[in-house]
$ cat data-v7.pdb   # PDB, C-alpha atoms
ATOM      1  CA  MET W   1       1.920 -54.848 -49.517
ATOM      2  CA  GLY W   2      -1.215 -54.058 -47.554
ATOM      3  CA  LEU W   3      -1.549 -53.735 -43.837
ATOM      4  CA  ALA W   4      -2.705 -56.634 -41.735
ATOM      5  CA  PRO W   5      -6.496 -56.888 -41.981
ATOM      6  CA  SER W   6      -6.943 -55.944 -38.319
ATOM      7  CA  ALA W   7      -4.999 -52.679 -38.693
ATOM      8  CA  GLU W   8      -6.883 -51.690 -41.825
ATOM      9  CA  GLY W   9     -10.161 -52.673 -40.223
ATOM     10  CA  THR W  10      -9.391 -50.669 -37.113
ATOM     11  CA  LEU W  11      -8.704 -47.526 -39.113
ATOM     12  CA  GLN W  12     -11.825 -48.045 -41.223
ATOM     13  CA  ILE W  13     -13.924 -48.310 -38.087
ATOM     14  CA  ASN W  14     -12.126 -45.542 -36.216
ATOM     15  CA  PRO W  15      -9.834 -43.268 -38.243
ATOM     16  CA  ASN W  16      -8.903 -41.524 -34.972
ATOM     17  CA  ASP W  17      -7.372 -44.594 -33.304
ATOM     18  CA  SER W  18      -3.965 -43.260 -32.328
ATOM     19  CA  MET W  19      -2.434 -46.681 -31.590
ATOM     20  CA  ALA W  20      -3.452 -47.988 -35.010
ATOM     21  CA  TRP W  21      -1.770 -44.988 -36.657
ATOM     22  CA  LEU W  22       1.334 -45.508 -34.502
ATOM     23  CA  LEU W  23       1.625 -49.164 -35.456
ATOM     24  CA  LYS W  24       0.881 -48.415 -39.100
ATOM     25  CA  GLY W  25       3.721 -45.880 -39.060
ATOM     26  CA  THR W  26       6.046 -48.402 -37.443
ATOM     27  CA  LEU W  27       5.218 -50.933 -40.138
ATOM     28  CA  HIS W  28       6.080 -48.312 -42.760
ATOM     29  CA  ALA W  29       9.408 -47.726 -40.987
ATOM     30  CA  PHE W  30      10.260 -51.429 -41.105
ATOM     31  CA  ARG W  31       9.447 -51.392 -44.826
ATOM     32  CA  ASP W  32      11.814 -48.436 -45.406
ATOM     33  CA  GLU W  33       8.909 -46.118 -46.198
ATOM     34  CA  GLY W  34      10.268 -43.246 -44.135
ATOM     35  CA  ALA W  35       7.974 -40.422 -45.248
ATOM     36  CA  ALA W  36       4.845 -42.498 -44.646
ATOM     37  CA  ALA W  37       6.265 -43.689 -41.312
ATOM     38  CA  VAL W  38       6.830 -40.137 -40.086
ATOM     39  CA  ALA W  39       3.412 -38.995 -41.332
ATOM     40  CA  ASP W  40       1.542 -41.829 -39.618
ATOM     41  CA  THR W  41       3.428 -41.705 -36.321
ATOM     42  CA  GLY W  42       3.044 -37.923 -36.349
ATOM     43  CA  ARG W  43      -0.694 -38.355 -36.759
ATOM     44  CA  ALA W  44      -0.686 -40.753 -33.818
ATOM     45  CA  LEU W  45       1.157 -38.217 -31.663
ATOM     46  CA  ASN W  46      -1.316 -35.503 -32.629
ATOM     47  CA  LEU W  47      -4.306 -37.717 -31.870
ATOM     48  CA  SER W  48      -3.065 -38.663 -28.419
ATOM     49  CA  PRO W  49      -0.877 -35.875 -26.998
ATOM     50  CA  LEU W  50      -1.455 -36.847 -23.356
ATOM     51  CA  ASP W  51      -1.445 -40.622 -23.652
ATOM     52  CA  PRO W  52      -0.084 -42.457 -20.596
ATOM     53  CA  LEU W  53       2.134 -44.375 -23.055
ATOM     54  CA  LYS W  54       3.540 -41.166 -24.573
ATOM     55  CA  TYR W  55       7.098 -42.449 -24.171
ATOM     56  CA  PHE W  56       6.160 -45.439 -26.375
ATOM     57  CA  TYR W  57       4.605 -43.179 -29.014
ATOM     58  CA  ASP W  58       7.713 -40.978 -29.004
ATOM     59  CA  SER W  59       9.973 -44.021 -29.216
ATOM     60  CA  LEU W  60       8.219 -45.476 -32.266
ATOM     61  CA  ALA W  61       8.032 -42.014 -33.840
ATOM     62  CA  ALA W  62      11.822 -41.792 -33.348
ATOM     63  CA  THR W  63      12.177 -45.086 -35.218
ATOM     64  CA  ALA W  64      10.002 -43.677 -38.007
ATOM     65  CA  ALA W  65      12.282 -40.632 -38.182
ATOM     66  CA  LEU W  66      15.302 -42.962 -38.439
ATOM     67  CA  ALA W  67      13.636 -44.666 -41.402
ATOM     68  CA  ALA W  68      13.206 -41.237 -43.022
ATOM     69  CA  GLN W  69      16.863 -40.482 -42.209
ATOM     70  CA  ASP W  70      15.737 -37.437 -40.215
ATOM     71  CA  TYR W  71      18.250 -37.989 -37.449
ATOM     72  CA  LYS W  72      17.653 -34.648 -35.748
ATOM     73  CA  LEU W  73      13.932 -35.430 -35.350
ATOM     74  CA  ALA W  74      14.777 -38.962 -34.179
ATOM     75  CA  HIS W  75      17.155 -37.492 -31.595
ATOM     76  CA  THR W  76      14.517 -35.057 -30.314
ATOM     77  CA  LEU W  77      11.821 -37.726 -30.065
ATOM     78  CA  ALA W  78      14.115 -40.259 -28.389
ATOM     79  CA  LEU W  79      15.196 -37.739 -25.753
ATOM     80  CA  ARG W  80      11.565 -36.829 -25.075
ATOM     81  CA  SER W  81      10.717 -40.525 -24.722
ATOM     82  CA  LEU W  82      13.580 -41.081 -22.314
ATOM     83  CA  ARG W  83      12.497 -38.169 -20.126
ATOM     84  CA  ALA W  84       9.317 -40.166 -19.490
ATOM     85  CA  ASN W  85      10.938 -43.628 -19.276
ATOM     86  CA  ARG W  86      14.725 -43.835 -18.846
ATOM     87  CA  THR W  87      14.713 -47.634 -19.015
ATOM     88  CA  HIS W  88      13.047 -48.161 -22.395
ATOM     89  CA  THR W  89      15.807 -49.995 -24.257
ATOM     90  CA  SER W  90      14.235 -49.577 -27.691
ATOM     91  CA  THR W  91      14.409 -45.812 -27.217
ATOM     92  CA  LEU W  92      18.039 -46.026 -26.139
ATOM     93  CA  ARG W  93      18.823 -47.935 -29.339
ATOM     94  CA  ALA W  94      17.067 -45.286 -31.448
ATOM     95  CA  LEU W  95      18.982 -42.548 -29.637
ATOM     96  CA  ILE W  96      22.320 -44.309 -30.265
ATOM     97  CA  VAL W  97      21.590 -44.478 -33.984
ATOM     98  CA  ALA W  98      20.509 -40.830 -34.126
ATOM     99  CA  GLN W  99      23.585 -39.693 -32.189
ATOM    100  CA  ALA W 100      25.927 -41.763 -34.345
ATOM    101  CA  MET W 101      24.376 -40.565 -37.602
ATOM    102  CA  LEU W 102      24.567 -36.953 -36.383
ATOM    103  CA  GLY W 103      28.286 -37.473 -35.741
ATOM    104  CA  ASP W 104      28.091 -37.315 -31.943
ATOM    105  CA  THR W 105      29.985 -40.526 -31.277
ATOM    106  CA  VAL W 106      30.955 -39.476 -27.736
ATOM    107  CA  ALA W 107      27.304 -39.138 -26.697
ATOM    108  CA  ALA W 108      26.414 -42.331 -28.578
ATOM    109  CA  ARG W 109      29.057 -44.277 -26.659
ATOM    110  CA  GLU W 110      27.665 -42.893 -23.382
ATOM    111  CA  THR W 111      24.203 -44.041 -24.439
ATOM    112  CA  VAL W 112      25.615 -47.474 -25.314
ATOM    113  CA  ALA W 113      26.947 -47.676 -21.738
ATOM    114  CA  GLN W 114      23.441 -46.862 -20.417
ATOM    115  CA  LEU W 115      21.940 -49.507 -22.695
ATOM    116  CA  HIS W 116      24.479 -52.113 -21.551
ATOM    117  CA  GLN W 117      23.425 -51.503 -17.920
ATOM    118  CA  LEU W 118      19.893 -52.573 -18.884
ATOM    119  CA  GLU W 119      20.733 -55.050 -21.627
ATOM    120  CA  PRO W 120      24.255 -56.368 -20.898
ATOM    121  CA  ASP W 121      24.304 -58.797 -23.821
ATOM    122  CA  PHE W 122      23.355 -56.207 -26.449
ATOM    123  CA  SER W 123      25.430 -56.588 -29.608
ATOM    124  CA  VAL W 124      25.017 -55.965 -33.307
ATOM    125  CA  SER W 125      24.232 -59.642 -33.863
ATOM    126  CA  SER W 126      21.644 -59.735 -31.063
ATOM    127  CA  PHE W 127      20.010 -56.629 -32.531
ATOM    128  CA  LEU W 128      19.859 -58.186 -35.984
ATOM    129  CA  ALA W 129      18.517 -61.463 -34.590
ATOM    130  CA  LYS W 130      15.674 -59.789 -32.657
ATOM    131  CA  SER W 131      14.764 -56.709 -34.669
ATOM    132  CA  ALA W 132      11.756 -56.629 -36.967
ATOM    133  CA  SER W 133      13.797 -54.286 -39.163
ATOM    134  CA  ASN W 134      16.773 -56.623 -39.564
ATOM    135  CA  MET W 135      16.214 -57.252 -43.286
ATOM    136  CA  SER W 136      15.454 -53.631 -44.148
ATOM    137  CA  GLU W 137      17.710 -50.729 -45.018
ATOM    138  CA  LEU W 138      16.705 -49.225 -41.679
ATOM    139  CA  GLY W 139      17.959 -52.270 -39.796
ATOM    140  CA  GLN W 140      21.213 -52.310 -41.733
ATOM    141  CA  ARG W 141      21.771 -48.569 -41.081
ATOM    142  CA  CYS W 142      21.126 -49.165 -37.382
ATOM    143  CA  ALA W 143      23.639 -52.020 -37.333
ATOM    144  CA  GLN W 144      26.152 -49.791 -39.118
ATOM    145  CA  ALA W 145      25.628 -47.030 -36.540
ATOM    146  CA  PHE W 146      26.094 -49.501 -33.672
ATOM    147  CA  ARG W 147      29.361 -50.718 -35.214
ATOM    148  CA  LEU W 148      30.501 -47.116 -35.711
ATOM    149  CA  VAL W 149      30.264 -46.421 -31.976
ATOM    150  CA  GLY W 150      31.922 -49.644 -30.879
ATOM    151  CA  VAL W 151      29.056 -52.010 -30.115
ATOM    152  CA  SER W 152      30.476 -55.518 -30.310
ATOM    153  CA  ALA W 153      29.626 -57.683 -33.284
TER     154      ALA W 153
END

$ encode --input "data-v7.pdb" --output "structure tokens"
Amino acid sequence: MGLAPSAEGTLQINPNDSMAWLLKGTLHAFRDEGAAAVADTGRALNLSPLDPLKYFYDSLAATAALAAQDYKLAHTLALRSLRANRTHTSTLRALIVAQAMLGDTVAARETVAQLHQLEPDFSVSSFLAKSASNMSELGQRCAQAFRLVGVSA
């Protein structure tokens, strides 16, 4: 599968467009192409180290790390994202998965409580209904991690 024409065109015109690399990496993550996802989101982070949306870059890079099953990197990136924006629910979800997969279920349950303050109706089924990764291995591993730490079905 190729990228959407606009993403490919953007990178052909400007190979230093950090947002295009970030979104390309995210697309790789949703396609279960973990190594490519980490490489592309890493390139985005390197191209834009002081971006005002750094928390967003770190959040999507954490998702890429989840796709590569590098849970330690995902954990590090998610925490860095949350230091900049404590209310970014996508980052909280990535952190829960990383914590669960690293075996830190106590911390994951605490993060679930934080997420529920911002998104009270969050459940495994709502995640699967809304997530772009719901049909991928990544999405299924995330759902499994949520179940593991007691998120309701």

$ residues_near_point --input "data-v7.pdb" --point "(30.8, -53.5, -35.1)" --cutoff "7 Å" --atoms "only C-alpha atoms" --output "list in words"
Val124, Phe146, Arg147, Leu148, Gly150, Val151, Ser152 and Ala153 of chain W

$ closest_residue --input "data-v7.pdb" --among "W:Ser81, W:Asn46, W:Gln117, W:Gln69" --to "W:Gly34" --atoms "only C-alpha atoms"
W:Gln69

$ resolve_selection --input "data-v7.pdb" --expression "the PyMOL selection byres ((chain W and resi 47) around 10)" --output "CSV table (one decimal) with C-alpha atoms, in the coordinates of the input"
chain,number,residue,atom,x,y,z
W,16,ASN,CA,-8.9,-41.5,-35.0
W,17,ASP,CA,-7.4,-44.6,-33.3
W,18,SER,CA,-4.0,-43.3,-32.3
W,19,MET,CA,-2.4,-46.7,-31.6
W,21,TRP,CA,-1.8,-45.0,-36.7
W,22,LEU,CA,1.3,-45.5,-34.5
W,41,THR,CA,3.4,-41.7,-36.3
W,42,GLY,CA,3.0,-37.9,-36.3
W,43,ARG,CA,-0.7,-38.4,-36.8
W,44,ALA,CA,-0.7,-40.8,-33.8
W,45,LEU,CA,1.2,-38.2,-31.7
W,46,ASN,CA,-1.3,-35.5,-32.6
W,48,SER,CA,-3.1,-38.7,-28.4
W,49,PRO,CA,-0.9,-35.9,-27.0
W,50,LEU,CA,-1.5,-36.8,-23.4
W,51,ASP,CA,-1.4,-40.6,-23.7

$ closest_residue --input "data-v7.pdb" --among "W:Asn134, W:Thr10, W:Thr105, W:Thr76" --to "W:Asp58" --atoms "only C-alpha atoms"
W:Thr76

$ resolve_selection --input "data-v7.pdb" --expression "the PyMOL selection byres ((chain W and resi 97) around 9)" --output "count of residues only"
21

$ closest_residue --input "data-v7.pdb" --among "W:Thr87, W:Leu138, W:Leu11, W:Leu53" --to "W:Ala68" --atoms "all atoms listed in the file"
W:Leu138

$ resolve_selection --input "data-v7.pdb" --expression "the PyMOL selection byres ((chain W and resi 89) around 12)" --output "short mmCIF file (atom, residue, chain, number, x, y, z; two decimals) with C-alpha atoms, in the coordinates of the input"
data_model
loop_
_atom_site.label_atom_id
_atom_site.label_comp_id
_atom_site.auth_asym_id
_atom_site.auth_seq_id
_atom_site.Cartn_x
_atom_site.Cartn_y
_atom_site.Cartn_z
CA TYR W 55 7.10 -42.45 -24.17
CA PHE W 56 6.16 -45.44 -26.38
CA SER W 59 9.97 -44.02 -29.22
CA LEU W 60 8.22 -45.48 -32.27
CA ALA W 78 14.12 -40.26 -28.39
CA SER W 81 10.72 -40.52 -24.72
CA LEU W 82 13.58 -41.08 -22.31
CA ASN W 85 10.94 -43.63 -19.28
CA ARG W 86 14.72 -43.84 -18.85
CA THR W 87 14.71 -47.63 -19.02
CA HIS W 88 13.05 -48.16 -22.40
CA SER W 90 14.24 -49.58 -27.69
CA THR W 91 14.41 -45.81 -27.22
CA LEU W 92 18.04 -46.03 -26.14
CA ARG W 93 18.82 -47.94 -29.34
CA ALA W 94 17.07 -45.29 -31.45
CA LEU W 95 18.98 -42.55 -29.64
CA ILE W 96 22.32 -44.31 -30.26
CA THR W 111 24.20 -44.04 -24.44
CA VAL W 112 25.62 -47.47 -25.31
CA ALA W 113 26.95 -47.68 -21.74
CA GLN W 114 23.44 -46.86 -20.42
CA LEU W 115 21.94 -49.51 -22.70
CA HIS W 116 24.48 -52.11 -21.55
CA GLN W 117 23.42 -51.50 -17.92
CA LEU W 118 19.89 -52.57 -18.88
CA GLU W 119 20.73 -55.05 -21.63
CA PRO W 120 24.26 -56.37 -20.90
CA PHE W 122 23.36 -56.21 -26.45
CA PHE W 127 20.01 -56.63 -32.53
#

$ atom_distance --input "data-v7.pdb" --atom1 "atom CA of W:Phe30" --atom2 "atom CA of W:Asn14"
23.7 Å

$ atom_distance --input "data-v7.pdb" --atom1 "atom CA of W:Gly9" --atom2 "atom CA of W:Pro52"
24.3 Å

$ atom_distance --input "data-v7.pdb" --atom1 "atom CA of W:Met135" --atom2 "atom CA of W:Thr26"
14.7 Å

$ closest_residue --input "data-v7.pdb" --among "W:Asp104, W:Asp121, W:Asp40, W:Glu137" --to "W:Gly25" --atoms "all atoms listed in the file"
W:Asp40

$ closest_residue --input "data-v7.pdb" --among "W:Ala84, W:Val38, W:Ser125, W:Leu23" --to "W:Ala62" --atoms "all atoms listed in the file"
W:Val38

$ build_atoms --input "data-v7.pdb" --residues "stretch 134-146 of chain W" --atoms "N, CA and C atoms" --output "JSON list (two decimals), keeping the file's coordinate frame"
[["chain", "number", "residue", "atom", "x", "y", "z"],
["W", 134, "ASN", "N", 15.45, -56.07, -39.24],
["W", 134, "ASN", "CA", 16.77, -56.62, -39.56],
["W", 134, "ASN", "C", 17.04, -56.82, -41.05],
["W", 135, "MET", "N", 16.02, -57.02, -41.86],
["W", 135, "MET", "CA", 16.21, -57.25, -43.29],
["W", 135, "MET", "C", 16.04, -55.96, -44.11],
["W", 136, "SER", "N", 15.72, -54.89, -43.45],
["W", 136, "SER", "CA", 15.45, -53.63, -44.15],
["W", 136, "SER", "C", 16.70, -52.75, -44.19],
["W", 137, "GLU", "N", 16.64, -51.72, -45.01],
["W", 137, "GLU", "CA", 17.71, -50.73, -45.02],
["W", 137, "GLU", "C", 17.83, -50.07, -43.65],
["W", 138, "LEU", "N", 16.69, -49.81, -43.02],
["W", 138, "LEU", "CA", 16.70, -49.22, -41.68],
["W", 138, "LEU", "C", 17.52, -50.10, -40.72],
["W", 139, "GLY", "N", 17.24, -51.37, -40.68],
["W", 139, "GLY", "CA", 17.96, -52.27, -39.80],
["W", 139, "GLY", "C", 19.44, -52.30, -40.09],
["W", 140, "GLN", "N", 19.80, -52.29, -41.36],
["W", 140, "GLN", "CA", 21.21, -52.31, -41.73],
["W", 140, "GLN", "C", 21.90, -50.99, -41.36],
["W", 141, "ARG", "N", 21.19, -49.86, -41.50],
["W", 141, "ARG", "CA", 21.77, -48.57, -41.08],
["W", 141, "ARG", "C", 21.95, -48.53, -39.57],
["W", 142, "CYS", "N", 21.00, -49.10, -38.84],
["W", 142, "CYS", "CA", 21.13, -49.16, -37.38],
["W", 142, "CYS", "C", 22.35, -50.00, -37.00],
["W", 143, "ALA", "N", 22.48, -51.16, -37.62],
["W", 143, "ALA", "CA", 23.64, -52.02, -37.33],
["W", 143, "ALA", "C", 24.94, -51.29, -37.65],
["W", 144, "GLN", "N", 24.97, -50.57, -38.75],
["W", 144, "GLN", "CA", 26.15, -49.79, -39.12],
["W", 144, "GLN", "C", 26.46, -48.74, -38.06],
["W", 145, "ALA", "N", 25.44, -48.05, -37.57],
["W", 145, "ALA", "CA", 25.63, -47.03, -36.54],
["W", 145, "ALA", "C", 26.16, -47.66, -35.26],
["W", 146, "PHE", "N", 25.61, -48.82, -34.88],
["W", 146, "PHE", "CA", 26.09, -49.50, -33.67],
["W", 146, "PHE", "C", 27.57, -49.86, -33.82]]
